[in-house]
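Some notes on the structure that comes next.
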Amino acid sequence: MFRAGQKAPVMISAPVSNRWVLFSVEGENLMSYQLVHLDGTVKLLEVPIEEKYEPNIFLSASMVNE
């Protein structure tokens, strides 16, 4: 469990390299999003935990492969 002020490590993994991934933090609403480029097949993000994320959030990563 993480508390406000901490950073949560999040690893994004894709089956192929050199792709763009839409990463979002969601609760009842969309709280934040970012477009992340994967040079390889994995990338480690550090997500800062904010008070507005309590009591729960959901993390989502979406990639479209042509």
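Order determines the names: the first chain of the structure tokens is A, the second B, and so forth; residues in each chain are numbered 1 upward, and ligands are numbered 1 upward as they are shown.
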Original post:
Near Lys43 in chain A, within 7 Å and counting only C-alpha atoms, which residues show up once chain neighbours fewer than 5 positions away are dropped, as JSON, numbers by chain?
Top reply: {"A": [11, 12, 13, 38]}
Given the selection you just returned, output its residues as a file containing C-alpha atoms, formatted as a CSV table (one decimal), in the first residue's frame.
chain,number,residue,atom,x,y,z
A,11,MET,CA,6.6,-1.4,-14.9
A,12,ILE,CA,5.1,-1.3,-18.4
A,13,SER,CA,5.9,-4.3,-20.6
A,38,LEU,CA,9.2,2.4,-24.9
**OP:** Identify, on the basis of only C-alpha atoms, every residue whose closest approach to range 14-22 of chain A does not exceed 8 Å; exclude the query and any residue fewer than 6 positions from it along the same chain; express the result as a list of chain:residue names.
**Re:** A:Tyr33, A:Gln34, A:Leu35, A:Val36, A:His37, A:Leu38, A:Asp39, A:Gly40, A:Thr41, A:Val42, A:Ser60, A:Ala61, A:Ser62, A:Met63, A:Val64
I need the residues from that last selection saved to file as a compact mmCIF listing (two decimals), in the first residue's frame (with N, CA, C and O atoms), if you can.
# COMPACT_ATOMS: atom_id res chain seq x y z
N TYR A 33 -2.98 11.34 -17.24
CA TYR A 33 -2.55 10.46 -18.32
C TYR A 33 -1.25 11.00 -18.91
O TYR A 33 -0.93 12.18 -18.77
N GLN A 34 -0.52 10.11 -19.55
CA GLN A 34 0.71 10.50 -20.24
C GLN A 34 1.00 9.52 -21.36
O GLN A 34 0.64 8.34 -21.27
N LEU A 35 1.62 10.01 -22.38
CA LEU A 35 2.05 9.18 -23.49
C LEU A 35 3.50 8.81 -23.22
O LEU A 35 4.36 9.68 -23.05
N VAL A 36 3.78 7.51 -23.15
CA VAL A 36 5.11 7.02 -22.78
C VAL A 36 5.71 6.26 -23.95
O VAL A 36 5.05 5.41 -24.55
N HIS A 37 6.96 6.58 -24.30
CA HIS A 37 7.64 5.86 -25.38
C HIS A 37 8.50 4.76 -24.78
O HIS A 37 9.29 4.99 -23.87
N LEU A 38 8.34 3.55 -25.30
CA LEU A 38 9.17 2.41 -24.89
C LEU A 38 10.24 2.21 -25.94
O LEU A 38 9.94 1.86 -27.08
N ASP A 39 11.49 2.49 -25.56
CA ASP A 39 12.60 2.25 -26.48
C ASP A 39 12.82 0.75 -26.66
O ASP A 39 13.08 0.29 -27.76
N GLY A 40 12.70 0.02 -25.56
CA GLY A 40 12.81 -1.43 -25.59
C GLY A 40 11.43 -2.02 -25.38
O GLY A 40 10.44 -1.46 -25.82
N THR A 41 11.36 -3.13 -24.66
CA THR A 41 10.06 -3.76 -24.41
C THR A 41 9.54 -3.51 -23.00
O THR A 41 8.42 -3.89 -22.70
N VAL A 42 10.33 -2.87 -22.15
CA VAL A 42 9.88 -2.54 -20.79
C VAL A 42 10.31 -1.13 -20.42
O VAL A 42 11.29 -0.60 -20.95
N SER A 60 -3.75 2.08 -15.87
CA SER A 60 -4.06 1.48 -17.15
C SER A 60 -2.97 1.83 -18.17
O SER A 60 -2.49 2.96 -18.20
N ALA A 61 -2.58 0.86 -18.98
CA ALA A 61 -1.62 1.09 -20.05
C ALA A 61 -2.20 0.47 -21.32
O ALA A 61 -2.56 -0.71 -21.33
N SER A 62 -2.30 1.29 -22.36
CA SER A 62 -2.90 0.83 -23.62
C SER A 62 -1.94 1.09 -24.78
O SER A 62 -1.36 2.16 -24.89
N MET A 63 -1.81 0.07 -25.64
CA MET A 63 -0.94 0.19 -26.81
C MET A 63 -1.67 -0.39 -28.00
O MET A 63 -2.35 -1.42 -27.88
N VAL A 64 -1.54 0.27 -29.13
CA VAL A 64 -2.10 -0.26 -30.36
C VAL A 64 -0.97 -0.69 -31.24
O VAL A 64 -0.02 0.07 -31.49
Subject >> strand (DSSP E) positions in chain A, given as a ChimeraX atom specification >> reply: /A:7-13,19-26,30-38,42-48,58-62
Could you save the residues just selected, with N, CA and C atoms, as an mmCIF file, in the first residue's frame?
data_model
loop_
_atom_site.group_PDB
_atom_site.id
_atom_site.type_symbol
_atom_site.label_atom_id
_atom_site.label_comp_id
_atom_site.auth_asym_id
_atom_site.auth_seq_id
_atom_site.Cartn_x
_atom_site.Cartn_y
_atom_site.Cartn_z
ATOM 1 N N LYS A 7 6.147 7.514 -3.965
ATOM 2 C CA LYS A 7 6.163 7.201 -5.388
ATOM 3 C C LYS A 7 6.016 5.691 -5.552
ATOM 4 N N ALA A 8 5.132 5.293 -6.457
ATOM 5 C CA ALA A 8 4.906 3.872 -6.708
ATOM 6 C C ALA A 8 5.641 3.464 -7.984
ATOM 7 N N PRO A 9 6.514 2.447 -7.907
ATOM 8 C CA PRO A 9 7.161 1.975 -9.128
ATOM 9 C C PRO A 9 6.161 1.156 -9.957
ATOM 10 N N VAL A 10 6.089 1.462 -11.240
ATOM 11 C CA VAL A 10 5.165 0.769 -12.144
ATOM 12 C C VAL A 10 5.945 0.364 -13.382
ATOM 13 N N MET A 11 5.925 -0.918 -13.712
ATOM 14 C CA MET A 11 6.629 -1.392 -14.898
ATOM 15 C C MET A 11 5.632 -1.657 -16.024
ATOM 16 N N ILE A 12 5.913 -1.063 -17.181
ATOM 17 C CA ILE A 12 5.111 -1.296 -18.376
ATOM 18 C C ILE A 12 5.896 -2.251 -19.269
ATOM 19 N N SER A 13 5.224 -3.277 -19.752
ATOM 20 C CA SER A 13 5.852 -4.274 -20.603
ATOM 21 C C SER A 13 5.049 -4.409 -21.892
ATOM 22 N N ARG A 19 7.580 1.415 -29.140
ATOM 23 C CA ARG A 19 6.139 1.661 -29.204
ATOM 24 C C ARG A 19 5.744 2.777 -28.247
ATOM 25 N N TRP A 20 4.604 3.377 -28.510
ATOM 26 C CA TRP A 20 4.014 4.391 -27.644
ATOM 27 C C TRP A 20 2.888 3.754 -26.849
ATOM 28 N N VAL A 21 2.815 4.083 -25.566
ATOM 29 C CA VAL A 21 1.807 3.530 -24.667
ATOM 30 C C VAL A 21 1.097 4.692 -23.983
ATOM 31 N N LEU A 22 -0.221 4.622 -23.930
ATOM 32 C CA LEU A 22 -1.000 5.606 -23.183
ATOM 33 C C LEU A 22 -1.168 5.065 -21.775
ATOM 34 N N PHE A 23 -0.588 5.762 -20.799
ATOM 35 C CA PHE A 23 -0.639 5.342 -19.401
ATOM 36 C C PHE A 23 -1.556 6.290 -18.651
ATOM 37 N N SER A 24 -2.508 5.751 -17.896
ATOM 38 C CA SER A 24 -3.447 6.616 -17.184
ATOM 39 C C SER A 24 -3.643 6.169 -15.743
ATOM 40 N N VAL A 25 -4.014 7.143 -14.922
ATOM 41 C CA VAL A 25 -4.385 6.922 -13.526
ATOM 42 C C VAL A 25 -5.866 7.271 -13.443
ATOM 43 N N GLU A 26 -6.671 6.319 -12.974
ATOM 44 C CA GLU A 26 -8.118 6.487 -12.977
ATOM 45 C C GLU A 26 -8.706 6.136 -11.622
ATOM 46 N N LEU A 30 -11.047 10.127 -14.806
ATOM 47 C CA LEU A 30 -9.672 10.113 -15.291
ATOM 48 C C LEU A 30 -8.900 11.180 -14.529
ATOM 49 N N MET A 31 -7.844 10.773 -13.812
ATOM 50 C CA MET A 31 -7.108 11.711 -12.966
ATOM 51 C C MET A 31 -5.865 12.255 -13.649
ATOM 52 N N SER A 32 -5.181 11.418 -14.406
ATOM 53 C CA SER A 32 -4.020 11.879 -15.159
ATOM 54 C C SER A 32 -3.709 10.878 -16.255
ATOM 55 N N TYR A 33 -2.977 11.344 -17.243
ATOM 56 C CA TYR A 33 -2.545 10.455 -18.319
ATOM 57 C C TYR A 33 -1.250 10.998 -18.913
ATOM 58 N N GLN A 34 -0.516 10.105 -19.545
ATOM 59 C CA GLN A 34 0.710 10.505 -20.238
ATOM 60 C C GLN A 34 0.996 9.520 -21.356
ATOM 61 N N LEU A 35 1.625 10.011 -22.384
ATOM 62 C CA LEU A 35 2.055 9.178 -23.486
ATOM 63 C C LEU A 35 3.503 8.807 -23.225
ATOM 64 N N VAL A 36 3.784 7.511 -23.153
ATOM 65 C CA VAL A 36 5.108 7.017 -22.777
ATOM 66 C C VAL A 36 5.710 6.265 -23.954
ATOM 67 N N HIS A 37 6.961 6.576 -24.299
ATOM 68 C CA HIS A 37 7.639 5.859 -25.378
ATOM 69 C C HIS A 37 8.499 4.755 -24.782
ATOM 70 N N LEU A 38 8.341 3.547 -25.300
ATOM 71 C CA LEU A 38 9.166 2.414 -24.890
ATOM 72 C C LEU A 38 10.244 2.215 -25.940
ATOM 73 N N VAL A 42 10.334 -2.869 -22.149
ATOM 74 C CA VAL A 42 9.875 -2.540 -20.791
ATOM 75 C C VAL A 42 10.306 -1.129 -20.421
ATOM 76 N N LYS A 43 9.549 -0.530 -19.515
ATOM 77 C CA LYS A 43 9.904 0.792 -18.997
ATOM 78 C C LYS A 43 9.387 0.884 -17.569
ATOM 79 N N LEU A 44 10.211 1.420 -16.700
ATOM 80 C CA LEU A 44 9.842 1.614 -15.305
ATOM 81 C C LEU A 44 9.461 3.074 -15.104
ATOM 82 N N LEU A 45 8.248 3.288 -14.602
ATOM 83 C CA LEU A 45 7.770 4.621 -14.266
ATOM 84 C C LEU A 45 7.686 4.744 -12.760
ATOM 85 N N GLU A 46 7.809 5.956 -12.265
ATOM 86 C CA GLU A 46 7.556 6.228 -10.854
ATOM 87 C C GLU A 46 6.354 7.151 -10.798
ATOM 88 N N VAL A 47 5.260 6.648 -10.251
ATOM 89 C CA VAL A 47 4.014 7.400 -10.187
ATOM 90 C C VAL A 47 3.902 8.056 -8.821
ATOM 91 N N PRO A 48 3.922 9.403 -8.776
ATOM 92 C CA PRO A 48 3.749 10.072 -7.483
ATOM 93 C C PRO A 48 2.312 9.895 -6.984
ATOM 94 N N PHE A 58 -6.842 3.104 -10.190
ATOM 95 C CA PHE A 58 -6.566 2.042 -11.147
ATOM 96 C C PHE A 58 -5.582 2.579 -12.160
ATOM 97 N N LEU A 59 -4.580 1.768 -12.488
ATOM 98 C CA LEU A 59 -3.578 2.149 -13.469
ATOM 99 C C LEU A 59 -3.873 1.388 -14.759
ATOM 100 N N SER A 60 -3.746 2.085 -15.874
ATOM 101 C CA SER A 60 -4.057 1.479 -17.155
ATOM 102 C C SER A 60 -2.968 1.831 -18.167
ATOM 103 N N ALA A 61 -2.576 0.861 -18.976
ATOM 104 C CA ALA A 61 -1.619 1.086 -20.047
ATOM 105 C C ALA A 61 -2.205 0.474 -21.318
ATOM 106 N N SER A 62 -2.302 1.293 -22.363
ATOM 107 C CA SER A 62 -2.903 0.830 -23.622
ATOM 108 C C SER A 62 -1.945 1.087 -24.775
#
